[in-house]
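Asks: Structure file input_25.pdb (PDB, C-alpha atoms and all ligand atoms) is given on the next line.
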```pdb
ATOM      1  CA  MET A 388      -9.794  28.851   2.410
ATOM      2  CA  ARG A 389     -12.212  31.371   3.777
ATOM      3  CA  LEU A 390     -13.400  31.426   7.368
ATOM      4  CA  LEU A 391     -16.772  32.653   6.269
ATOM      5  CA  ARG A 392     -18.144  31.055   3.151
ATOM      6  CA  PRO A 393     -20.697  33.244   1.354
ATOM      7  CA  SER A 394     -22.559  30.130   0.147
ATOM      8  CA  ASP A 395     -23.028  28.868   3.739
ATOM      9  CA  LEU A 396     -24.279  32.255   4.835
ATOM     10  CA  THR A 397     -26.660  32.711   1.897
ATOM     11  CA  PHE A 398     -28.105  29.224   2.414
ATOM     12  CA  SER A 399     -28.721  29.700   6.127
ATOM     13  CA  PHE A 400     -30.253  33.165   5.641
ATOM     14  CA  VAL A 401     -32.589  31.938   2.906
ATOM     15  CA  LEU A 402     -33.577  28.875   4.977
ATOM     16  CA  ALA A 403     -34.066  30.990   8.108
ATOM     17  CA  GLY A 404     -36.156  33.520   6.166
ATOM     18  CA  LEU A 405     -38.432  30.859   4.685
ATOM     19  CA  VAL A 406     -38.870  28.905   7.905
ATOM     20  CA  GLY A 407     -39.368  32.136   9.859
ATOM     21  CA  LEU A 408     -42.051  33.319   7.441
ATOM     22  CA  VAL A 409     -44.001  30.058   7.553
ATOM     23  CA  ALA A 410     -43.647  29.894  11.345
ATOM     24  CA  ALA A 411     -44.807  33.514  11.749
ATOM     25  CA  VAL A 412     -47.970  32.812   9.698
ATOM     26  CA  LEU A 413     -48.743  29.641  11.676
ATOM     27  CA  LEU A 414     -48.062  31.292  15.040
ATOM     28  CA  GLY A 415     -50.308  34.213  14.031
ATOM     29  CA  ARG A 416     -53.143  31.813  13.248
ATOM     30  CA  PHE A 417     -52.937  30.315  16.710
ATOM     31  CA  GLY A 418     -52.776  33.762  18.322
ATOM     32  CA  LEU A 419     -49.155  33.346  19.413
ATOM     33  CA  SER A 420     -46.463  36.011  19.139
ATOM     34  CA  PRO A 421     -44.696  35.936  15.737
ATOM     35  CA  TRP A 422     -41.509  36.954  17.551
ATOM     36  CA  TRP A 423     -40.900  33.255  18.222
ATOM     37  CA  ALA A 424     -40.493  32.821  14.476
ATOM     38  CA  PHE A 425     -37.771  35.475  14.549
ATOM     39  CA  VAL A 426     -36.000  33.624  17.379
ATOM     40  CA  GLY A 427     -36.261  30.374  15.383
ATOM     41  CA  GLY A 428     -34.810  32.115  12.320
ATOM     42  CA  LEU A 429     -31.880  33.401  14.333
ATOM     43  CA  PHE A 430     -31.301  29.876  15.651
ATOM     44  CA  LEU A 431     -31.113  28.553  12.076
ATOM     45  CA  VAL A 432     -28.649  31.266  11.073
ATOM     46  CA  GLY A 433     -26.551  30.256  14.082
ATOM     47  CA  LEU A 434     -26.637  26.623  12.973
ATOM     48  CA  GLY A 435     -25.518  27.666   9.490
ATOM     49  CA  ALA A 436     -22.620  29.624  10.947
ATOM     50  CA  ARG A 437     -21.311  26.636  12.921
ATOM     51  CA  ARG A 438     -18.660  25.758  10.379
ATOM     52  CA  SER A 439     -17.385  29.330  10.239
ATOM     53  CA  LEU A 440     -17.227  29.461  14.039
ATOM     54  CA  ARG A 441     -15.345  26.163  14.153
ATOM     55  CA  ARG A 442     -12.864  27.477  11.598
ATOM     56  CA  TRP A 443     -12.471  30.759  13.443
ATOM     57  CA  ARG A 444     -11.700  28.928  16.691
ATOM     58  CA  ALA A 445      -9.196  26.667  14.892
ATOM     59  CA  VAL A 446      -7.169  29.472  13.314
ATOM     60  CA  ARG A 447      -7.004  31.432  16.567
ATOM     61  CA  ARG A 448      -4.887  28.654  18.041
ATOM     62  CA  THR A 449      -1.123  28.849  17.731
ATOM     63  CA  PHE A 450       0.242  26.609  15.020
ATOM     64  CA  PRO A 451       2.348  24.171  17.062
ATOM     65  CA  GLU A 452       6.073  24.272  16.385
ATOM     66  CA  PRO A 453       6.323  20.488  15.757
ATOM     67  CA  TRP A 454       3.636  20.854  13.076
ATOM     68  CA  ARG A 455       5.587  23.725  11.526
ATOM     69  CA  ASP A 456       8.692  21.523  11.511
ATOM     70  CA  TRP A 457       6.790  18.751   9.774
ATOM     71  CA  VAL A 458       5.484  21.076   7.065
ATOM     72  CA  ARG A 459       8.906  22.693   6.621
ATOM     73  CA  VAL A 460      10.541  19.324   6.085
ATOM     74  CA  HIS A 461       7.888  17.757   3.857
ATOM     75  CA  VAL A 462       6.429  20.586   1.777
ATOM     76  CA  PRO A 463       9.118  22.346  -0.305
ATOM     77  CA  LEU A 464       6.694  25.049  -1.472
ATOM     78  CA  TYR A 465       6.042  26.101   2.138
ATOM     79  CA  ARG A 466       9.759  26.753   2.671
ATOM     80  CA  ARG A 467       9.768  29.231  -0.198
ATOM     81  CA  LEU A 468       6.730  31.239   0.941
ATOM     82  CA  ASP A 469       7.038  34.608   2.653
ATOM     83  CA  ALA A 470       5.795  35.042   6.209
ATOM     84  CA  SER A 471       2.227  36.015   5.373
ATOM     85  CA  ALA A 472       1.803  33.235   2.800
ATOM     86  CA  ARG A 473       3.188  30.745   5.323
ATOM     87  CA  ARG A 474       0.658  31.921   7.865
ATOM     88  CA  ARG A 475      -2.102  31.444   5.288
ATOM     89  CA  PHE A 476      -0.810  27.942   4.566
ATOM     90  CA  GLU A 477      -0.873  27.178   8.287
ATOM     91  CA  ARG A 478      -4.395  28.603   8.639
ATOM     92  CA  ASP A 479      -5.595  26.461   5.735
ATOM     93  CA  THR A 480      -4.043  23.430   7.404
ATOM     94  CA  GLN A 481      -5.829  24.280  10.657
ATOM     95  CA  ILE A 482      -9.123  24.750   8.801
ATOM     96  CA  VAL A 483      -8.884  21.332   7.156
ATOM     97  CA  LEU A 484      -8.017  19.761  10.492
ATOM     98  CA  ALA A 485     -11.065  21.435  12.054
ATOM     99  CA  ASP A 486     -13.447  20.519   9.220
ATOM    100  CA  GLN A 487     -12.290  17.052   8.446
ATOM    101  CA  ARG A 488     -13.317  13.844  10.151
ATOM    102  CA  PHE A 489     -10.498  11.344  10.657
ATOM    103  CA  GLU A 490     -11.088   7.681  11.452
ATOM    104  CA  ALA A 491      -8.926   4.589  11.462
ATOM    105  CA  LEU A 492      -9.220   0.848  11.634
ATOM    106  CA  GLU A 493      -8.682  -0.677  15.046
ATOM    107  CA  GLY A 494      -5.090  -0.625  16.174
ATOM    108  CA  ILE A 495      -4.083   2.522  14.296
ATOM    109  CA  GLU A 496      -3.377   5.622  16.296
ATOM    110  CA  ILE A 497      -4.430   8.749  14.418
ATOM    111  CA  THR A 498      -1.335  10.797  15.124
ATOM    112  CA  ASP A 499      -0.790  14.493  14.411
ATOM    113  CA  GLU A 500       1.586  13.422  11.664
ATOM    114  CA  LEU A 501      -1.130  11.450   9.883
ATOM    115  CA  ARG A 502      -3.676  14.236  10.183
ATOM    116  CA  LEU A 503      -1.103  16.792   9.017
ATOM    117  CA  SER A 504      -0.189  14.581   6.077
ATOM    118  CA  VAL A 505      -3.698  15.055   4.744
ATOM    119  CA  ALA A 506      -4.375  18.629   5.890
ATOM    120  CA  ALA A 507      -1.071  19.992   4.560
ATOM    121  CA  GLY A 508      -1.708  18.215   1.250
ATOM    122  CA  ALA A 509      -5.047  20.005   0.966
ATOM    123  CA  ALA A 510      -3.469  23.326   1.982
ATOM    124  CA  LEU A 511      -0.830  22.841  -0.710
ATOM    125  CA  MET A 512      -3.388  22.140  -3.419
ATOM    126  CA  LEU A 513      -5.572  25.077  -2.388
ATOM    127  CA  HIS A 514      -2.826  27.598  -1.720
ATOM    128  CA  GLY A 515      -3.261  29.420  -5.023
ATOM    129  CA  ARG A 516      -7.039  29.349  -4.760
ATOM    130  CA  PRO A 517      -8.128  30.922  -1.477
ATOM    131  CA  ASP A 518     -11.778  30.778  -2.541
ATOM    132  CA  TRP A 519     -11.774  27.035  -2.994
ATOM    133  CA  ASP A 520     -12.555  24.448  -0.368
ATOM    134  CA  LEU A 521     -11.917  20.776   0.025
ATOM    135  CA  PRO A 522     -15.086  18.950  -1.127
ATOM    136  CA  ARG A 523     -17.200  18.081   1.894
ATOM    137  CA  GLY A 524     -18.588  14.851   3.238
ATOM    138  CA  HIS A 525     -15.586  12.580   2.873
ATOM    139  CA  THR A 526     -14.211  11.055   6.061
ATOM    140  CA  ILE A 527     -10.516  10.248   5.953
ATOM    141  CA  LEU A 528     -10.163   6.598   6.878
ATOM    142  CA  PHE A 529      -6.711   5.219   7.646
ATOM    143  CA  TYR A 530      -5.861   1.594   6.894
ATOM    144  CA  PRO A 531      -2.794  -0.206   8.254
ATOM    145  CA  GLY A 532      -1.694  -1.368   4.809
ATOM    146  CA  THR A 533      -2.744  -2.135   1.265
ATOM    147  CA  PHE A 534      -6.252  -3.381   0.594
ATOM    148  CA  ASP A 535      -8.257  -4.969  -2.198
ATOM    149  CA  ASP A 536     -11.450  -4.119  -4.086
ATOM    150  CA  ASP A 537     -13.575  -5.222  -1.110
ATOM    151  CA  TYR A 538     -11.514  -3.069   1.271
ATOM    152  CA  ASP A 539     -10.072  -6.203   2.822
ATOM    153  CA  LEU A 540      -6.522  -5.962   4.093
ATOM    154  CA  ASP A 541      -4.216  -8.161   2.157
ATOM    155  CA  GLU A 542      -0.457  -8.150   1.812
ATOM    156  CA  VAL A 543      -0.685  -8.818  -1.876
ATOM    157  CA  ALA A 544      -3.534  -6.338  -2.378
ATOM    158  CA  THR A 545      -2.837  -3.495  -4.716
ATOM    159  CA  TYR A 546      -4.521  -0.396  -3.336
ATOM    160  CA  ASP A 547      -2.779   2.218  -1.209
ATOM    161  CA  GLY A 548      -5.630   4.659  -1.487
ATOM    162  CA  MET A 549      -9.161   4.898  -2.791
ATOM    163  CA  VAL A 550     -11.968   7.396  -2.817
ATOM    164  CA  HIS A 551     -15.595   7.154  -3.778
ATOM    165  CA  PRO A 552     -17.895   9.990  -4.813
ATOM    166  CA  GLN A 553     -20.113   9.565  -1.742
ATOM    167  CA  GLY A 554     -17.747   7.691   0.527
ATOM    168  CA  PRO A 555     -14.610   8.048   2.583
ATOM    169  CA  VAL A 556     -11.081   8.630   1.396
ATOM    170  CA  VAL A 557      -9.284   5.424   2.354
ATOM    171  CA  LEU A 558      -5.528   5.731   2.816
ATOM    172  CA  SER A 559      -2.913   3.167   3.725
ATOM    173  CA  VAL A 560      -0.742   4.546   6.525
ATOM    174  CA  PRO A 561       2.615   3.263   5.163
ATOM    175  CA  ALA A 562       1.747   4.756   1.766
ATOM    176  CA  VAL A 563       0.853   8.117   3.311
ATOM    177  CA  LYS A 564       4.209   8.223   5.087
ATOM    178  CA  ALA A 565       6.113   7.110   1.994
ATOM    179  CA  GLY A 566       4.289   9.733  -0.074
ATOM    180  CA  TRP A 567       5.683  12.602   1.984
ATOM    181  CA  ALA A 568       9.104  11.068   2.560
ATOM    182  CA  ARG A 569      10.501  12.217  -0.760
ATOM    183  CA  ALA A 570       9.584  14.525  -3.618
ATOM    184  CA  ASP A 571       9.553  11.729  -6.161
ATOM    185  CA  GLY A 572       6.160  12.155  -7.787
ATOM    186  CA  TYR A 573       4.425   9.499  -5.690
ATOM    187  CA  ASN A 574       2.026  10.892  -3.154
ATOM    188  CA  VAL A 575      -1.155   8.986  -2.359
ATOM    189  CA  VAL A 576      -2.642  11.932  -0.433
ATOM    190  CA  LEU A 577      -2.315  14.356  -3.361
ATOM    191  CA  HIS A 578      -3.539  11.617  -5.700
ATOM    192  CA  GLU A 579      -6.748  10.865  -3.786
ATOM    193  CA  LEU A 580      -7.481  14.523  -3.012
ATOM    194  CA  ALA A 581      -7.160  15.235  -6.736
ATOM    195  CA  HIS A 582      -9.908  12.650  -7.323
ATOM    196  CA  LEU A 583     -12.105  14.506  -4.834
ATOM    197  CA  PHE A 584     -11.887  17.654  -6.958
ATOM    198  CA  ASP A 585     -12.729  15.535  -9.972
ATOM    199  CA  PHE A 586     -15.862  14.014  -8.437
ATOM    200  CA  GLU A 587     -17.634  17.168  -7.472
ATOM    201  CA  ALA A 588     -19.330  18.247 -10.681
ATOM    202  CA  THR A 589     -19.686  15.638 -13.368
ATOM    203  CA  GLY A 590     -18.214  12.505 -11.775
ATOM    204  CA  ALA A 591     -14.762  11.005 -12.172
ATOM    205  CA  ASP A 592     -14.169  12.056 -15.753
ATOM    206  CA  GLY A 593     -10.751  13.637 -15.351
ATOM    207  CA  ILE A 594     -12.199  17.138 -15.600
ATOM    208  CA  PRO A 595     -11.539  18.956 -12.316
ATOM    209  CA  SER A 596     -14.810  20.387 -11.057
ATOM    210  CA  LEU A 597     -13.336  23.836 -10.506
ATOM    211  CA  MET A 598     -11.894  24.132 -13.987
ATOM    212  CA  ASP A 599     -13.010  27.146 -15.944
ATOM    213  CA  SER A 600     -15.703  25.921 -18.350
ATOM    214  CA  SER A 601     -13.982  27.650 -21.271
ATOM    215  CA  SER A 602     -10.861  25.528 -20.653
ATOM    216  CA  ILE A 603     -12.575  22.128 -20.572
ATOM    217  CA  LYS A 604     -12.376  21.340 -24.277
ATOM    218  CA  ALA A 605      -8.680  22.160 -24.490
ATOM    219  CA  TRP A 606      -8.092  20.160 -21.281
ATOM    220  CA  GLN A 607      -9.815  17.062 -22.723
ATOM    221  CA  THR A 608      -7.697  17.255 -25.881
ATOM    222  CA  LEU A 609      -4.574  17.658 -23.772
ATOM    223  CA  VAL A 610      -5.500  14.678 -21.577
ATOM    224  CA  ARG A 611      -6.068  12.451 -24.607
ATOM    225  CA  GLU A 612      -2.655  13.419 -25.977
ATOM    226  CA  GLU A 613      -0.930  12.874 -22.618
ATOM    227  CA  MET A 614      -2.574   9.458 -22.222
ATOM    228  CA  ARG A 615      -1.299   8.514 -25.656
ATOM    229  CA  LYS A 616       2.238   9.522 -24.648
ATOM    230  CA  VAL A 617       2.009   7.430 -21.478
ATOM    231  CA  LYS A 618       0.875   4.390 -23.467
ATOM    232  CA  LEU A 619       3.765   4.861 -25.900
ATOM    233  CA  GLY A 620       6.238   5.163 -23.024
ATOM    234  CA  ARG A 621       7.037   8.769 -23.922
ATOM    235  CA  SER A 622       5.899  10.346 -20.691
ATOM    236  CA  VAL A 623       7.375  11.053 -17.285
ATOM    237  CA  LEU A 624       3.983  10.066 -15.870
ATOM    238  CA  ARG A 625       3.821   6.488 -14.676
ATOM    239  CA  ARG A 626       1.877   3.961 -16.725
ATOM    240  CA  TYR A 627      -1.061   4.027 -14.323
ATOM    241  CA  ALA A 628      -1.910   7.498 -15.697
ATOM    242  CA  SER A 629      -3.105   5.919 -18.933
ATOM    243  CA  THR A 630      -5.879   3.998 -17.123
ATOM    244  CA  ASN A 631      -8.410   6.756 -17.763
ATOM    245  CA  PRO A 632      -8.613  10.590 -17.770
ATOM    246  CA  ALA A 633      -9.305  10.681 -14.011
ATOM    247  CA  GLU A 634      -6.065   8.808 -13.259
ATOM    248  CA  LEU A 635      -4.166  10.966 -15.729
ATOM    249  CA  PHE A 636      -5.290  14.014 -13.785
ATOM    250  CA  ALA A 637      -4.511  12.506 -10.347
ATOM    251  CA  VAL A 638      -1.043  11.278 -11.374
ATOM    252  CA  SER A 639      -0.302  14.642 -13.019
ATOM    253  CA  VAL A 640      -1.205  16.426  -9.792
ATOM    254  CA  GLU A 641       1.334  14.298  -7.888
ATOM    255  CA  GLN A 642       4.047  15.196 -10.416
ATOM    256  CA  PHE A 643       3.010  18.836 -10.532
ATOM    257  CA  PHE A 644       3.469  19.392  -6.817
ATOM    258  CA  GLU A 645       6.336  16.980  -6.215
ATOM    259  CA  ARG A 646       8.422  17.284  -9.389
ATOM    260  CA  PRO A 647       7.271  20.461 -11.126
ATOM    261  CA  VAL A 648      10.542  21.214 -12.928
ATOM    262  CA  ARG A 649      10.589  17.813 -14.542
ATOM    263  CA  LEU A 650       6.922  18.003 -15.508
ATOM    264  CA  GLN A 651       7.394  21.438 -17.055
ATOM    265  CA  ARG A 652      10.458  20.299 -18.976
ATOM    266  CA  HIS A 653       8.808  17.238 -20.513
ATOM    267  CA  HIS A 654       5.139  18.278 -20.640
ATOM    268  CA  PRO A 655       4.963  22.085 -20.806
ATOM    269  CA  ASP A 656       1.320  22.189 -21.962
ATOM    270  CA  LEU A 657       0.162  19.918 -19.146
ATOM    271  CA  PHE A 658       2.218  21.922 -16.674
ATOM    272  CA  ASP A 659       0.749  25.234 -17.901
ATOM    273  CA  ALA A 660      -2.785  23.841 -17.645
ATOM    274  CA  LEU A 661      -2.171  22.833 -14.028
ATOM    275  CA  VAL A 662      -0.595  26.219 -13.225
ATOM    276  CA  ALA A 663      -3.775  27.833 -14.549
ATOM    277  CA  LEU A 664      -6.002  25.443 -12.603
ATOM    278  CA  PHE A 665      -4.234  25.735  -9.246
ATOM    279  CA  ASN A 666      -3.178  29.324  -9.837
ATOM    280  CA  LEU A 667       0.378  28.733  -8.684
ATOM    281  CA  ASP A 668       3.739  27.684 -10.029
ATOM    282  CA  PRO A 669       5.316  25.204  -7.594
ATOM    283  CA  ARG A 670       8.780  25.307  -9.209
ATOM    284  CA  PRO A 671      11.728  26.548  -7.181
ATOM    285  CA  PRO A 672      13.316  29.782  -8.488
ATOM    286  CA  GLU A 673      15.721  29.240 -11.346
ATOM    287  CA  GLY A 674      19.173  28.270 -10.183
ATOM    288  CA  GLU A 675      17.936  26.741  -6.968
ATOM    289  CA  GLU A 676      18.200  23.064  -6.296
ATOM    290  CA  ASP A 677      15.554  20.973  -8.034
ATOM    291  CA  GLU A 678      13.930  18.086  -6.220
ATOM    292  CA  PRO A 679      16.004  14.877  -6.305
ATOM    293  CA  MET A 680      15.514  12.476  -9.149
ATOM    294  CA  ALA A 681      13.397   9.444  -8.462
ATOM    295  CA  GLU A 682      15.214   6.309  -7.526
ATOM    296  CA  ASP A 683      13.883   2.851  -7.124
ATOM    297  CA  ARG A 684      12.122   2.862  -3.859
ATOM    298  CA  PRO A 685      10.774  -0.205  -2.090
ATOM    299  CA  SER A 686       7.410   1.451  -1.775
ATOM    300  CA  LEU A 687       4.026  -0.161  -1.517
ATOM    301  CA  MET A 688       2.924   2.246  -4.190
ATOM    302  CA  ALA A 689       5.307   0.769  -6.687
ATOM    303  CA  ARG A 690       3.280  -2.392  -6.498
ATOM    304  CA  ARG A 691       0.103  -0.646  -7.380
ATOM    305  CA  TRP A 692       1.460   1.713  -9.952
ATOM    306  CA  SER A 693       3.924   0.293 -12.383
ATOM    307  CA  ALA A 694       6.409   3.136 -12.397
ATOM    308  CA  SER A 695       7.640   4.531 -15.654
ATOM    309  CA  ASP A 696       9.245   7.472 -13.944
ATOM    310  CA  ASP A 697      12.662   6.988 -15.392
ATOM    311  CA  ALA A 698      11.296   7.011 -18.929
TER
HETATM  312 ZN    ZN B   1      -6.524   7.144  -8.704
END
```
Let me see whether you can do it: turn the structure in this file into structure tokens.
Replies:
Amino acid sequence: MRLLRPSDLTFSFVLAGLVGLVAAVLLGRFGLSPWWAFVGGLFLVGLGARRSLRRWRAVRRTFPEPWRDWVRVHVPLYRRLDASARRRFERDTQIVLADQRFEALEGIEITDELRLSVAAGAALMLHGRPDWDLPRGHTILFYPGTFDDDYDLDEVATYDGMVHPQGPVVLSVPAVKAGWARADGYNVVLHELAHLFDFEATGADGIPSLMDSSSIKAWQTLVREEMRKVKLGRSVLRRYASTNPAELFAVSVEQFFERPVRLQRHHPDLFDALVALFNLDPRPPEGEEDEPMAEDRPSLMARRWSASDDA
């Protein structure tokens, strides 16, 4: 992620220029100094630069050692990065923490661990794409447990996470913790963030908004084929992936970052497409220990997503 986003800067300069011009003409008519228009323009540029300033302040802070420990333990890719790439990962995490709004239902303490669980997930997904950003305008809202279609808490409810195009990202705290506990291909944070990238351009159609337009046709064909495999029980992706192309993409993203070797082995075309999209290969070097195989896990997510992971 960049500290200074060219789009922010261009927008604020264009806005400041237009407002300044109109103000200068009006001030001139009333016999006032047009220099006030210049001051107003500068003020607008300053407003536009707020996000960059906030990011700059965030990355100047030392990355706390307990945070580093958390990332080291929970994000295998981070452990394999060299020093400068690790620093970039940490900076991206700090940027997300600075940009992102976190809220929770009453009774939940928004701990560093919870915030890191989301920020490190975003840093992981964006690591190969320094020019990308997490889509804006989505508050992260923590729930104490699973919820239903009306966002009501319910022990037998089926949702661990949900995101709407113009709304918050709702995450169940136990599911967030379970998602990072093991590299087993279940990660509600990566799943819901993947949906965010899907929403940005054309809606939740399973086509990531940042995908190269020349790759979209091949991607759609690939998704159709992968959904067919899931339905036939010939996929390492859990059955939930066959719900629609958007879920296929989100479930694939979980597998890609958590169990890349397995995904590559069973679905090389899907794996290659995700390597191209995220511009990184999350597999450990050959000969090194692969992530552990999935085992039955008494997870809340298992209730929502009928697992077909051992297929
Ligand atoms: Zn989903």
Asks: List every residue of chain A that has an atom at most 8 Å from any atom of ligand ZN 1 (chain B), giving for each one its closest atom pair and the distance in Å to one decimal, counting all atoms listed in the file, sorted by chain and then by ascending residue number, as a tab-separated table.
Replies:
```
residue	atom	partner	partner_atom	distance
A:Gly548	CA	B:ZN1	ZN	7.7
A:Met549	CA	B:ZN1	ZN	6.9
A:His578	CA	B:ZN1	ZN	6.2
A:Glu579	CA	B:ZN1	ZN	6.2
A:His582	CA	B:ZN1	ZN	6.6
A:Ala633	CA	B:ZN1	ZN	7.0
A:Glu634	CA	B:ZN1	ZN	4.9
A:Ala637	CA	B:ZN1	ZN	6.0
A:Val638	CA	B:ZN1	ZN	7.4
```
Asks: Which residues are near range 479-484 of chain A? Cut-off 9 Å, all atoms listed in the file, ignore same chain within fewer than 5 positions. Put them as JSON, numbers by chain.
Replies: {"A": [388, 389, 390, 441, 442, 443, 445, 446, 448, 450, 474, 489, 502, 503, 505, 506, 507, 508, 509, 510, 511, 513, 514, 517, 520, 521]}
Asks: Can you translate the PyMOL selection byres (((chain A and resi 411) around 8) and not hetatm) into the concrete residues it hits in this file, as a list in words?
Replies: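 So the PyMOL selection byres (((chain A and resi 411) around 8) and not hetatm), applied here, picks out Gly407, Leu408, Val409, Ala410, Val412, Leu413, Leu414, Gly415, Ser420, Pro421, Trp422, Trp423, Ala424 and Phe425 of chain A.
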Asks: Let me make sure I understand: among A:Asp541, A:Asp599, A:Asp585, A:Asp571, which one has the smallest atom-to-atom distance to Phe643 in chain A if we use all atoms listed in the file?
Replies: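 For Phe643 in chain A, the nearest of the given residues is A:Asp571.
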Asks: Report the residues retrieved by the PyMOL selection byres (((chain A and resi 564) around 10) and not hetatm) from the displayed file, expressed as a PDB file with C-alpha atoms, keeping the file's coordinate frame.
Replies:
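The result, written out as expr_35.pdb:
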```
ATOM      1  CA  GLU A 500       1.586  13.422  11.664  1.00  0.00           C
ATOM      2  CA  LEU A 501      -1.130  11.450   9.883  1.00  0.00           C
ATOM      3  CA  SER A 504      -0.189  14.581   6.077  1.00  0.00           C
ATOM      4  CA  SER A 559      -2.913   3.167   3.725  1.00  0.00           C
ATOM      5  CA  VAL A 560      -0.742   4.546   6.525  1.00  0.00           C
ATOM      6  CA  PRO A 561       2.615   3.263   5.163  1.00  0.00           C
ATOM      7  CA  ALA A 562       1.747   4.756   1.766  1.00  0.00           C
ATOM      8  CA  VAL A 563       0.853   8.117   3.311  1.00  0.00           C
ATOM      9  CA  ALA A 565       6.113   7.110   1.994  1.00  0.00           C
ATOM     10  CA  GLY A 566       4.289   9.733  -0.074  1.00  0.00           C
ATOM     11  CA  TRP A 567       5.683  12.602   1.984  1.00  0.00           C
ATOM     12  CA  ALA A 568       9.104  11.068   2.560  1.00  0.00           C
ATOM     13  CA  ARG A 569      10.501  12.217  -0.760  1.00  0.00           C
ATOM     14  CA  ASN A 574       2.026  10.892  -3.154  1.00  0.00           C
ATOM     15  CA  VAL A 575      -1.155   8.986  -2.359  1.00  0.00           C
ATOM     16  CA  VAL A 576      -2.642  11.932  -0.433  1.00  0.00           C
TER      17      VAL A 576
END
```
Asks: One decimal, in Å: what's the spacing between CA of Leu577 in chain A and CA of Arg447 in chain A?
Replies: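 Between these atoms lies a distance of 26.7 Å.
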Asks: Starting from 3 Å padding per side, set up an axis-aligned box that covers all listed atoms of range 412-419 of chain A and hand over centre and edge lengths in Å, one decimal, as AutoDock Vina command-line options.
Replies:
```
--center_x -50.6 --center_y 31.9 --center_z 14.6 --size_x 11.2 --size_y 10.6 --size_z 15.7
```
Asks: What separation in Å, quoted to one decimal, exists between CA of Val623 in chain A and CA of Leu609 in chain A?
Replies: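 Computing the Euclidean distance for CA of Val623 in chain A and CA of Leu609 in chain A yields 15.1 Å.
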Asks: Could you check which of A:Ser602, A:Ser439, A:Gln651, A:Thr449 is closest to Ala485 in chain A, using only C-alpha atoms?
Replies: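 Using only C-alpha atoms, the shortest distance to Ala485 in chain A belongs to A:Ser439.
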Asks: Run the PyMOL selection byres (((chain A and resi 534) around 7) and not hetatm) mentally over the shown coordinates, then write out the matched residues as a PyMOL selection string, using the chain letters and numbers from the document.
Replies: chain A and resi 532-533+535+538-541+544-547
Asks: Kindly indicate which residue among A:Ser622, A:Thr526, A:Ser629, A:Thr608 lies nearest to Ala660 in chain A, using all atoms listed in the file for the distances.
Replies: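 Result for the nearest residue to Ala660 in chain A: A:Thr608.
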Asks: Have a look at CA of Pro552 in chain A and CA of Asp656 in chain A and let me know their distance in Å, one decimal.
Replies: 28.5 Å
Asks: A:Leu468, A:Leu583, A:Leu635, A:Val640: which is nearest Val617 in chain A, counting only C-alpha atoms?
Replies: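 Of all the options, A:Leu635 lies closest to Val617 in chain A.
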Asks: Between A:Asp469, A:Glu490, A:Glu645, A:Glu673, which residue has the minimum interatomic distance to Met512 in chain A, considering all atoms listed in the file?
Replies: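 The shortest atom-to-atom distance to Met512 in chain A comes from A:Glu645.
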Asks: Taking all atoms listed in the file into account, name the residue in A:Ala581, A:Arg625, A:Gly418, A:Val648 that is nearest to Glu675 in chain A.
Replies: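 Of all the options, A:Val648 lies closest to Glu675 in chain A.
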